[in-house]
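**Student:** Below you'll find work09.txt; it's compact mmCIF, C-alpha atoms.
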```
# COMPACT_ATOMS: atom_id res chain seq x y z
CA MET A 1 39.27 24.48 13.74
CA VAL A 2 43.00 24.11 14.31
CA LEU A 3 42.31 23.26 17.94
CA GLU A 4 40.56 20.08 16.77
CA TYR A 5 43.95 18.79 15.73
CA LEU A 6 45.65 19.57 19.03
CA PRO A 7 44.87 16.10 20.48
CA VAL A 8 46.31 14.53 17.33
CA LEU A 9 49.54 16.45 17.75
CA ILE A 10 49.75 15.49 21.43
CA LEU A 11 49.09 11.85 20.56
CA MET A 12 51.84 11.98 17.95
CA VAL A 13 54.36 13.27 20.47
CA PHE A 14 53.14 10.66 22.92
CA ALA A 15 53.39 7.79 20.41
CA LEU A 16 56.88 8.76 19.26
CA GLY A 17 57.94 9.24 22.87
CA PHE A 18 56.55 5.87 23.87
CA ALA A 19 58.31 4.09 21.01
CA VAL A 20 61.67 5.76 21.53
CA VAL A 21 61.66 5.57 25.33
CA THR A 22 60.69 1.88 25.32
CA ILE A 23 63.50 1.00 22.92
CA VAL A 24 66.08 3.09 24.79
CA MET A 25 65.02 1.63 28.17
CA SER A 26 65.15 -1.89 26.81
CA ASP A 27 68.57 -1.22 25.29
CA MET A 28 69.88 -0.07 28.65
CA LEU A 29 68.49 -3.00 30.62
CA ARG A 30 69.01 -5.90 28.22
CA PRO A 31 72.23 -7.88 27.84
CA ASN A 32 74.34 -6.96 24.83
CA LYS A 33 76.89 -9.58 23.80
CA PRO A 34 77.32 -9.49 20.04
CA GLU A 35 79.46 -12.19 18.45
CA LYS A 36 80.32 -13.24 14.94
CA VAL A 37 77.94 -16.16 14.50
CA LYS A 38 75.05 -14.55 16.36
CA SER A 39 75.02 -11.43 14.25
CA SER A 40 75.43 -13.17 10.91
CA THR A 41 72.44 -12.99 8.57
CA TYR A 42 69.94 -15.83 8.92
CA GLU A 43 70.09 -18.14 5.92
CA CYS A 44 68.97 -21.61 7.10
CA GLY A 45 72.46 -22.31 8.41
CA ALA A 46 74.23 -21.98 5.07
CA PRO A 47 76.94 -19.31 4.68
CA LEU A 48 75.98 -16.26 2.64
CA PHE A 49 77.34 -15.92 -0.84
CA THR A 50 75.49 -12.90 -2.23
CA ASP A 51 74.07 -9.67 -0.97
CA ALA A 52 70.31 -9.80 -0.43
CA ARG A 53 69.63 -6.50 -2.19
CA GLY A 54 69.59 -7.79 -5.73
CA MET A 55 67.10 -7.46 -8.53
CA VAL A 56 63.39 -7.38 -7.85
CA SER A 57 60.53 -8.60 -10.04
CA ILE A 58 59.10 -5.90 -12.32
CA ARG A 59 55.61 -6.98 -11.22
CA PHE A 60 55.97 -5.06 -7.97
CA PHE A 61 56.71 -1.88 -9.89
CA ILE A 62 53.67 -2.30 -12.16
CA ILE A 63 51.45 -2.95 -9.17
CA SER A 64 52.67 0.20 -7.47
CA MET A 65 52.02 2.25 -10.62
CA LEU A 66 48.47 0.87 -10.83
CA PHE A 67 48.00 1.58 -7.14
CA LEU A 68 49.01 5.20 -7.65
CA LEU A 69 46.44 5.55 -10.43
CA PHE A 70 43.54 4.06 -8.51
CA ASP A 71 44.42 5.72 -5.24
CA ILE A 72 44.29 9.14 -6.87
CA GLU A 73 40.94 8.15 -8.34
CA ALA A 74 39.71 7.27 -4.86
CA ALA A 75 40.89 10.66 -3.65
CA PHE A 76 38.74 12.27 -6.35
CA LEU A 77 35.74 10.13 -5.47
CA TYR A 78 35.63 11.06 -1.78
CA PRO A 79 34.53 14.69 -2.15
CA TRP A 80 32.06 13.61 -4.82
CA ALA A 81 30.56 10.93 -2.54
CA ILE A 82 30.10 13.40 0.31
CA ASN A 83 28.22 15.84 -1.92
CA TYR A 84 26.30 13.25 -3.89
CA ASN A 85 22.92 14.11 -2.39
CA VAL A 86 23.39 17.75 -3.37
CA LEU A 87 24.68 17.13 -6.89
CA GLY A 88 21.79 14.91 -8.00
CA LEU A 89 21.57 13.70 -11.61
CA PHE A 90 24.40 16.00 -12.74
CA GLY A 91 26.81 14.35 -10.31
CA PHE A 92 25.62 10.91 -11.36
CA VAL A 93 26.25 11.45 -15.08
CA GLU A 94 29.57 13.07 -14.38
CA ILE A 95 30.85 10.22 -12.25
CA VAL A 96 29.70 7.62 -14.77
CA ILE A 97 31.86 9.35 -17.40
CA PHE A 98 34.76 9.54 -14.94
CA ILE A 99 34.52 5.86 -14.04
CA ILE A 100 34.18 4.80 -17.69
CA ILE A 101 37.40 6.63 -18.58
CA LEU A 102 39.08 4.88 -15.68
CA LEU A 103 37.67 1.49 -16.62
CA VAL A 104 39.15 1.87 -20.12
CA GLY A 105 42.58 2.14 -18.53
CA TYR A 106 41.79 -0.73 -16.19
CA PHE A 107 40.80 -3.10 -19.01
CA TYR A 108 43.83 -1.98 -21.02
CA ALA A 109 46.06 -3.00 -18.10
CA TRP A 110 44.16 -6.28 -17.86
CA ARG A 111 44.55 -7.04 -21.58
CA LYS A 112 48.25 -6.19 -21.40
CA ASP A 113 48.58 -8.85 -18.64
CA ALA A 114 49.68 -6.30 -16.06
CA LEU A 115 47.51 -8.09 -13.51
CA GLU A 116 49.00 -11.56 -14.16
CA TRP A 117 51.65 -13.12 -11.95
CA GLU A 118 52.95 -15.98 -14.11
CA MET B 1 47.12 30.45 29.00
CA ASP B 2 46.20 28.49 32.14
CA GLY B 3 43.13 27.14 30.38
CA MET B 4 45.33 25.91 27.57
CA ILE B 5 47.67 24.02 29.89
CA LEU B 6 44.72 22.51 31.71
CA LYS B 7 43.28 21.41 28.39
CA ILE B 8 46.54 19.79 27.32
CA ILE B 9 46.79 17.94 30.63
CA PHE B 10 43.21 16.76 30.23
CA ILE B 11 43.93 15.50 26.71
CA LEU B 12 47.06 13.73 27.95
CA ILE B 13 45.10 11.93 30.66
CA LYS B 14 42.52 10.86 28.10
CA ILE B 15 45.26 9.61 25.77
CA LEU B 16 46.86 7.67 28.62
CA ILE B 17 43.55 5.98 29.49
CA ILE B 18 42.70 5.08 25.90
CA PHE B 19 46.25 3.99 25.11
CA GLY B 20 46.46 1.94 28.30
CA ALA B 21 43.17 0.23 27.58
CA THR B 22 44.24 -0.53 24.02
CA MET B 23 47.58 -1.94 25.13
CA PHE B 24 45.71 -4.13 27.60
CA ILE B 25 43.31 -5.30 24.91
CA ALA B 26 46.12 -5.84 22.40
CA GLY B 27 48.17 -7.81 24.91
CA TRP B 28 45.35 -10.06 25.98
CA THR B 29 44.21 -10.52 22.40
CA THR B 30 47.37 -12.59 21.91
CA TRP B 31 46.18 -14.79 24.78
CA VAL B 32 42.65 -15.03 23.36
CA GLU B 33 44.06 -15.89 19.95
CA ARG B 34 46.29 -18.67 21.26
CA LYS B 35 43.44 -20.05 23.34
CA ILE B 36 40.85 -19.96 20.55
CA ILE B 37 43.15 -21.47 17.96
CA GLY B 38 44.31 -24.04 20.50
CA HIS B 39 40.80 -25.17 21.29
CA MET B 40 39.82 -25.17 17.62
CA GLN B 41 42.72 -27.53 16.95
CA LEU B 42 41.78 -29.72 19.97
CA ARG B 43 44.72 -28.45 22.05
CA LEU B 44 44.63 -26.53 25.31
CA GLY B 45 46.74 -23.55 24.24
CA VAL B 46 48.75 -21.72 26.91
CA MET B 47 48.22 -23.24 30.38
CA ARG B 48 51.36 -22.69 32.49
CA THR B 49 51.53 -19.01 33.46
CA GLY B 50 48.68 -18.22 35.81
CA PRO B 51 45.22 -19.83 35.63
CA HIS B 52 44.68 -21.03 32.06
CA GLY B 53 47.77 -19.09 31.02
CA LEU B 54 46.13 -15.74 31.75
CA LEU B 55 49.42 -14.12 32.72
CA GLN B 56 51.17 -15.26 29.53
CA PRO B 57 51.01 -11.85 27.75
CA LEU B 58 52.64 -10.21 30.79
CA ALA B 59 55.37 -12.85 30.86
CA ASP B 60 55.92 -12.45 27.11
CA GLY B 61 56.17 -8.68 27.48
CA VAL B 62 58.73 -8.88 30.29
CA LYS B 63 60.73 -11.50 28.40
CA LEU B 64 60.82 -9.48 25.16
CA PHE B 65 61.77 -6.33 27.05
CA PHE B 66 64.85 -7.94 28.60
CA LYS B 67 65.90 -9.94 25.52
CA GLU B 68 69.01 -9.09 23.62
CA SER B 69 68.19 -7.25 20.41
CA ILE B 70 70.55 -8.61 17.77
CA VAL B 71 71.68 -6.28 15.00
CA PRO B 72 72.67 -8.40 12.00
CA GLU B 73 75.89 -7.57 10.17
CA GLY B 74 75.49 -5.82 6.84
CA CYS B 75 72.27 -4.16 7.92
CA ASP B 76 71.51 -0.53 7.28
CA ARG B 77 71.56 0.76 10.85
CA ALA B 78 69.41 3.87 10.48
CA THR B 79 66.50 2.20 8.66
CA PHE B 80 66.86 -0.88 10.87
CA GLU B 81 66.24 1.26 13.95
CA LEU B 82 63.49 3.27 12.27
CA ALA B 83 61.44 0.36 10.93
CA PRO B 84 59.83 -0.86 14.20
CA ILE B 85 59.03 2.72 15.22
CA LEU B 86 57.56 3.45 11.80
CA SER B 87 55.22 0.51 12.08
CA LEU B 88 54.14 1.14 15.67
CA VAL B 89 53.54 4.90 15.49
CA PRO B 90 50.92 4.80 12.66
CA ALA B 91 49.06 2.07 14.54
CA ILE B 92 48.92 4.16 17.71
CA MET B 93 48.04 7.31 15.75
CA SER B 94 45.01 5.74 14.12
CA LEU B 95 43.67 5.12 17.62
CA ALA B 96 42.95 8.84 17.88
CA ILE B 97 39.57 8.82 16.21
CA VAL B 98 38.10 5.51 17.34
CA PRO B 99 34.70 6.64 18.69
CA PHE B 100 34.18 4.43 21.72
CA ALA B 101 30.90 6.15 22.64
CA ASP B 102 28.92 9.32 22.16
CA LYS B 103 29.60 12.51 24.12
CA ILE B 104 28.61 12.03 27.75
CA THR B 105 27.40 14.94 29.90
CA ILE B 106 28.27 14.54 33.58
CA ALA B 107 27.38 17.41 35.94
CA GLY B 108 27.19 20.02 33.21
CA ARG B 109 30.54 19.08 31.62
CA THR B 110 30.60 17.22 28.33
CA PHE B 111 33.13 14.43 28.16
CA GLU B 112 34.25 12.89 24.90
CA PRO B 113 35.36 9.26 25.15
CA PHE B 114 37.66 9.56 22.11
CA VAL B 115 40.88 11.46 21.52
CA ALA B 116 39.80 13.63 18.60
CA ASN B 117 36.64 14.26 16.62
CA LEU B 118 37.79 15.16 13.12
CA ASN B 119 35.44 15.91 10.26
CA ILE B 120 37.83 14.09 7.91
CA GLY B 121 37.77 10.95 10.08
CA ILE B 122 37.97 8.42 7.27
CA LEU B 123 40.78 10.18 5.43
CA TYR B 124 42.73 10.27 8.70
CA ILE B 125 42.46 6.49 9.05
CA PHE B 126 43.48 5.99 5.41
CA ALA B 127 46.41 8.36 5.75
CA TRP B 128 47.89 6.45 8.68
CA SER B 129 47.13 3.03 7.28
CA SER B 130 48.90 3.92 4.03
CA LEU B 131 52.01 4.86 6.00
CA SER B 132 52.37 1.33 7.34
CA PRO B 133 54.04 -0.10 4.17
CA TYR B 134 57.03 2.15 4.92
CA GLY B 135 57.67 0.23 8.12
CA LEU B 136 57.47 -3.05 6.21
CA ILE B 137 59.75 -1.93 3.39
CA PHE B 138 62.30 -0.43 5.77
CA ALA B 139 62.34 -3.59 7.87
CA GLY B 140 62.83 -5.85 4.88
CA TRP B 141 65.39 -3.76 3.06
CA SER B 142 67.52 -2.86 6.06
CA SER B 143 68.05 -6.40 7.37
CA ASN B 144 70.00 -7.51 4.29
CA ASN B 145 68.27 -10.88 4.35
CA LYS B 146 66.60 -12.47 1.35
CA TYR B 147 63.64 -13.71 3.33
CA SER B 148 63.06 -10.29 4.82
CA LEU B 149 63.31 -8.50 1.51
CA LEU B 150 60.95 -10.90 -0.25
CA GLY B 151 58.53 -10.76 2.66
CA SER B 152 58.51 -6.99 2.78
CA LEU B 153 58.02 -6.63 -0.98
CA ARG B 154 55.14 -9.05 -0.91
CA ALA B 155 53.65 -7.34 2.11
CA ALA B 156 53.91 -3.87 0.64
CA ALA B 157 52.45 -4.92 -2.73
CA LEU B 158 49.65 -6.72 -0.92
CA VAL B 159 48.82 -3.88 1.42
CA ILE B 160 48.71 -1.27 -1.34
CA SER B 161 46.63 -3.56 -3.58
CA TYR B 162 44.02 -4.20 -0.93
CA GLU B 163 43.98 -0.55 0.01
CA ILE B 164 42.04 0.19 -3.19
CA PRO B 165 38.97 -2.02 -2.59
CA PHE B 166 39.28 -0.99 1.08
CA GLY B 167 38.96 2.67 0.12
CA PHE B 168 36.32 2.13 -2.56
CA SER B 169 34.01 0.02 -0.39
CA ILE B 170 33.58 2.89 2.05
CA ILE B 171 32.43 5.28 -0.70
CA GLY B 172 29.02 3.57 -0.84
CA VAL B 173 28.53 4.29 2.84
CA LEU B 174 29.75 7.88 2.44
CA MET B 175 27.23 8.51 -0.34
CA MET B 176 24.37 7.45 1.91
CA VAL B 177 25.60 9.43 4.92
CA GLY B 178 27.10 12.51 3.28
CA THR B 179 29.82 13.02 5.87
CA MET B 180 33.26 11.65 6.71
CA ASN B 181 32.88 12.25 10.43
CA LEU B 182 32.86 8.89 12.22
CA ILE B 183 30.54 10.14 14.97
CA ASP B 184 27.96 11.26 12.41
CA ILE B 185 28.25 7.94 10.58
CA VAL B 186 27.39 6.13 13.80
CA HIS B 187 24.49 8.53 14.39
CA ALA B 188 23.11 7.54 10.97
CA GLN B 189 22.65 3.96 12.21
CA PRO B 190 20.39 4.30 15.26
CA ASP B 191 18.91 0.80 15.20
CA ILE B 192 19.61 -2.60 13.70
CA PHE B 193 17.51 -1.92 10.57
CA HIS B 194 19.72 1.04 9.70
CA TYR B 195 23.05 -0.78 10.11
CA PHE B 196 25.02 -0.41 6.92
CA ILE B 197 25.82 -4.12 6.88
CA PHE B 198 22.20 -4.58 5.69
CA ARG B 199 22.02 -1.48 3.50
CA GLN B 200 25.49 -2.01 1.95
CA PRO B 201 26.07 -5.79 2.17
CA LEU B 202 28.48 -5.90 -0.78
CA ALA B 203 30.56 -3.07 0.64
CA ALA B 204 30.66 -4.80 4.02
CA LEU B 205 31.90 -8.03 2.44
CA ILE B 206 34.61 -6.25 0.41
CA PHE B 207 35.66 -4.24 3.45
CA PHE B 208 35.88 -7.35 5.60
CA ILE B 209 38.07 -9.20 3.10
CA SER B 210 40.38 -6.26 2.54
CA ILE B 211 40.91 -5.57 6.23
CA VAL B 212 42.18 -9.12 6.64
CA ALA B 213 44.85 -8.31 4.06
CA GLU B 214 45.48 -4.81 5.44
CA THR B 215 46.37 -6.17 8.87
CA ASN B 216 48.40 -9.06 7.40
CA ARG B 217 46.29 -11.77 8.94
CA CYS B 218 45.93 -15.37 7.87
CA PRO B 219 44.79 -16.56 5.27
CA LEU B 220 46.18 -13.47 3.52
CA ASP B 221 49.37 -13.15 5.60
CA LEU B 222 51.88 -13.92 2.85
CA ALA B 223 54.29 -11.38 4.25
CA GLU B 224 55.10 -13.74 7.09
CA ALA B 225 54.38 -17.07 5.44
CA GLU B 226 56.35 -19.22 7.91
CA SER B 227 56.53 -22.22 5.62
CA GLU B 228 58.37 -20.32 2.88
CA LEU B 229 59.74 -17.06 4.27
CA VAL B 230 60.71 -17.95 7.89
CA ALA B 231 59.11 -14.89 9.51
CA GLY B 232 58.97 -12.54 6.53
CA TYR B 233 60.08 -8.97 6.99
CA PHE B 234 60.93 -9.27 10.69
CA THR B 235 63.14 -12.37 10.43
CA GLU B 236 66.20 -10.45 11.64
CA PHE B 237 64.47 -8.55 14.44
CA SER B 238 64.61 -9.66 18.05
CA GLY B 239 63.80 -8.38 21.51
CA MET B 240 61.82 -5.18 21.91
CA ARG B 241 62.14 -4.25 18.22
CA PHE B 242 60.51 -7.54 17.27
CA SER B 243 57.69 -7.01 19.73
CA PHE B 244 56.94 -3.60 18.20
CA PHE B 245 55.85 -5.30 14.97
CA PHE B 246 53.53 -7.56 16.94
CA LEU B 247 52.14 -4.69 18.98
CA ALA B 248 51.52 -2.73 15.79
CA GLU B 249 49.74 -5.70 14.24
CA TYR B 250 47.44 -6.23 17.21
CA ILE B 251 46.68 -2.54 17.71
CA SER B 252 45.85 -2.02 14.05
CA MET B 253 43.76 -5.19 14.11
CA PHE B 254 41.73 -3.67 16.93
CA VAL B 255 41.48 -0.25 15.26
CA ILE B 256 40.43 -1.62 11.88
CA ALA B 257 37.91 -3.99 13.46
CA SER B 258 36.48 -0.97 15.26
CA MET B 259 36.23 0.79 11.88
CA PHE B 260 34.12 -2.12 10.66
CA THR B 261 31.93 -1.60 13.72
CA VAL B 262 31.61 2.11 12.99
CA PHE B 263 30.85 1.79 9.29
CA PHE B 264 28.68 -1.31 9.21
CA LEU B 265 27.57 -2.43 12.67
CA GLY B 266 26.18 0.79 14.09
CA GLY B 267 29.05 1.68 16.44
CA TRP B 268 28.02 2.02 20.06
CA HIS B 269 24.26 1.63 19.46
CA GLY B 270 22.57 -1.27 21.19
CA PRO B 271 19.95 -2.06 23.82
CA VAL B 272 20.32 -2.31 27.63
CA LEU B 273 24.12 -2.39 27.97
CA PRO B 274 26.15 0.86 28.11
CA PRO B 275 27.36 2.17 24.72
CA ILE B 276 31.09 1.63 25.37
CA LEU B 277 30.43 -2.03 26.15
CA TRP B 278 28.44 -2.47 22.95
CA PHE B 279 31.22 -0.93 20.94
CA LEU B 280 33.83 -3.23 22.48
CA ILE B 281 31.61 -6.31 22.09
CA LYS B 282 31.00 -5.66 18.39
CA THR B 283 34.65 -4.88 17.74
CA TYR B 284 35.79 -7.95 19.60
CA LEU B 285 33.40 -10.16 17.64
CA ILE B 286 35.16 -8.98 14.47
CA VAL B 287 38.57 -9.63 16.04
CA ILE B 288 37.47 -13.14 17.03
CA SER B 289 36.19 -13.79 13.53
CA TYR B 290 39.73 -13.00 12.29
CA MET B 291 41.03 -15.76 14.56
CA TRP B 292 38.33 -18.09 13.36
CA LEU B 293 39.44 -17.41 9.77
CA ARG B 294 43.05 -18.13 10.72
CA ALA B 295 42.15 -21.45 12.33
CA THR B 296 39.89 -22.55 9.46
CA LEU B 297 41.41 -21.52 6.16
CA PRO B 298 44.71 -22.50 4.55
CA ARG B 299 47.01 -19.78 3.27
CA ILE B 300 46.20 -18.61 -0.27
CA ARG B 301 48.87 -18.51 -2.99
CA TYR B 302 50.32 -15.07 -3.70
CA ASP B 303 49.34 -14.78 -7.37
CA GLN B 304 45.81 -15.98 -6.58
CA MET B 305 45.49 -13.34 -3.92
CA MET B 306 46.74 -10.50 -6.09
CA SER B 307 44.50 -11.42 -9.01
CA PHE B 308 41.56 -11.83 -6.63
CA CYS B 309 42.12 -8.29 -5.43
CA TRP B 310 42.58 -6.71 -8.87
CA LYS B 311 40.15 -8.80 -10.91
CA VAL B 312 37.33 -9.50 -8.45
CA LEU B 313 37.32 -7.09 -5.52
CA LEU B 314 38.15 -3.93 -7.48
CA PRO B 315 35.41 -4.33 -10.16
CA LEU B 316 32.95 -5.37 -7.44
CA SER B 317 33.69 -2.28 -5.39
CA ILE B 318 33.25 -0.02 -8.44
CA LEU B 319 29.98 -1.84 -9.19
CA ASN B 320 28.91 -1.18 -5.62
CA ILE B 321 29.51 2.56 -6.03
CA PHE B 322 27.50 2.52 -9.25
CA LEU B 323 24.61 0.57 -7.69
CA THR B 324 24.51 2.89 -4.70
CA ALA B 325 24.45 5.90 -7.01
CA CYS B 326 21.51 4.41 -8.95
CA TYR B 327 19.71 3.51 -5.74
CA ILE B 328 19.96 7.00 -4.26
CA ASN B 329 18.87 8.63 -7.52
```
Take the structure from the file and write it as structure tokens.
**Tutor:**
Amino acid sequence: MVLEYLPVLILMVFALGFAVVTIVMSDMLRPNKPEKVKSSTYECGAPLFTDARGMVSIRFFIISMLFLLFDIEAAFLYPWAINYNVLGLFGFVEIVIFIIILLVGYFYAWRKDALEWE
Amino acid sequence: MDGMILKIIFILIKILIIFGATMFIAGWTTWVERKIIGHMQLRLGVMRTGPHGLLQPLADGVKLFFKESIVPEGCDRATFELAPILSLVPAIMSLAIVPFADKITIAGRTFEPFVANLNIGILYIFAWSSLSPYGLIFAGWSSNNKYSLLGSLRAAALVISYEIPFGFSIIGVLMMVGTMNLIDIVHAQPDIFHYFIFRQPLAALIFFISIVAETNRCPLDLAEAESELVAGYFTEFSGMRFSFFFLAEYISMFVIASMFTVFFLGGWHGPVLPPILWFLIKTYLIVISYMWLRATLPRIRYDQMMSFCWKVLLPLSILNIFLTACYIN
């Protein structure tokens, strides 16, 4: 059982190794001549006057909260979907109740304009 | 103990072959893309390096490898270095369970042409694909550039939004198969009449649309909308670090297209030709249809895209689950 995941572990070491070694190799072989203008932040040629890390629209936060909600729901649905053939009518009724509860929250978010971007 | 070492060496060789083949495919997909889009726009595309520009990906790779990698001032060094690695590693990791073909028995030894056969196959893919927004966010935040930050926020919000219909659309298939193992899902589609694209057409459509957004491809590629955000989250990256984002994009494009093949097009099944070839042909047809989309459609506005995901795709995918449940009962 655990042995099934051995290739995954090896691949992970391999992938990290590949990424790090490629970057280190490239860093050793490439030219490195930093200068003031070259390393300044790109801003269409105009000089910077503020830091980029300012305020961010609240929309992104709401979207991430909604994502959390629905992603957890998806996590609950997976085991149910696998066993659906075994559960029969009982599973069907149960999931309809589950989805209805979720849809109430979904339409609430819709009515509260959480899905709008104006 | 010796058997263990032998096994590890064997796995390493297999990883090297599969990784090498994928890098080759990813590299030359850039060539195919430039050629296809060129011809669709009545241009020739790349022509200079080698016959019909065939050596262009190699030249690009060498160039990017030896290019100076500029670190912008005011950047957060640690996250700036981590971001390219964090986007490439998940892409390579999801390669592990792509089932290129069934187990082959040669001279009494079974050989598996895939890295791992996990019974949680689908969850594995979702786990790695939901790690990719970290790379985007790190890249955008660390560069201290307004374009990068806006691009990365848009990208992350987009990817997580489309992850929901992406995850839900598969549930219909899972209910009909009753397993999350990718090999078993392919076994459930032995001939063209059993392909899930015909049994779950709505799910296939939702899945196809959401994978375009998941891999940040045009017309849903607002993260790197050149006309408004320069290059989006990797504006400040150059050299090898820049190429990592591209590599990640092309590898995950290939992996996710192969997931479409597994779930809806019957994987390696097909007449006459060997299974591996069928798998690659089907996957590549999906990849080419991405390019076709990019050449045909204009970019969609961000608010339109978000509301399309939340107000159309999400209810449709829940409806699909409900319909499938009714159908099976």
**Student:** With all atoms listed in the file as the counted atoms, please give the residues lying no more than 8 Å from B:Trp278, apart from itself and same-chain residues fewer than 4 positions off, as a ChimeraX atom specification.
**Tutor:** /B:267-270,273-274,282
**Student:** So that I can check the surroundings of B:Asn119, please list as a count of residues only every protein, DNA and RNA residue that reaches within 8 Å of it, counting only C-alpha atoms and ignoring chain neighbours fewer than 5 positions away.
**Tutor:** 4
**Student:** I need the chain A residues near chain B as a PyMOL selection string; criterion: at most 8 Å, counting only C-alpha atoms.
**Tutor:** chain A and resi 4-5+7-8+10-12+15-16+19-20+22-23+26-27+29-34+38-43+51-53+60+63-64+67+70-71+74+77-78+81-85+88-89+92+96+115-118
**Student:** Expressed in Å to a single decimal, how great is the separation between atom CA of B:Asn216 and atom CA of B:Val159?
**Tutor:**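 So the answer is 7.9 Å.
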**Student:** Kindly give the distance, in Å, that separates atom CA of B:Val312 and atom CA of B:Ile206, rounded to a single decimal.
**Tutor:**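 Taking atom CA of B:Val312 as the start and atom CA of B:Ile206 as the end point, the length is 9.8 Å.
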**Student:** For atom CA of B:Arg217 and atom CA of B:Tyr290, determine how far apart the two atoms are, in Å to one decimal place.
**Tutor:**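 These atoms are spaced 7.5 Å apart.
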**Student:** Give me the residues within 9 Å of B:Gln56 as a list in words, counting all atoms listed in the file and dropping any in the same chain fewer than 2 places off.
**Tutor:**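 After dropping sequence-adjacent residues, the list is Trp28, Thr30, Trp31, Val46, Met47, Arg48, Thr49, Gly50, Gly53, Leu54, Leu58, Ala59, Asp60 and Gly61 of chain B.
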**Student:** With C-alpha atoms retained, could you export that selection as a short mmCIF file (atom, residue, chain, number, x, y, z; two decimals), keeping the file's coordinate frame?
**Tutor:**
```cif
data_model
loop_
_atom_site.label_atom_id
_atom_site.label_comp_id
_atom_site.auth_asym_id
_atom_site.auth_seq_id
_atom_site.Cartn_x
_atom_site.Cartn_y
_atom_site.Cartn_z
CA TRP B 28 45.35 -10.06 25.98
CA THR B 30 47.37 -12.59 21.91
CA TRP B 31 46.18 -14.79 24.78
CA VAL B 46 48.75 -21.72 26.91
CA MET B 47 48.22 -23.24 30.38
CA ARG B 48 51.36 -22.69 32.49
CA THR B 49 51.53 -19.01 33.46
CA GLY B 50 48.68 -18.22 35.81
CA GLY B 53 47.77 -19.09 31.02
CA LEU B 54 46.13 -15.74 31.75
CA LEU B 58 52.64 -10.21 30.79
CA ALA B 59 55.37 -12.85 30.86
CA ASP B 60 55.92 -12.45 27.11
CA GLY B 61 56.17 -8.68 27.48
#
```
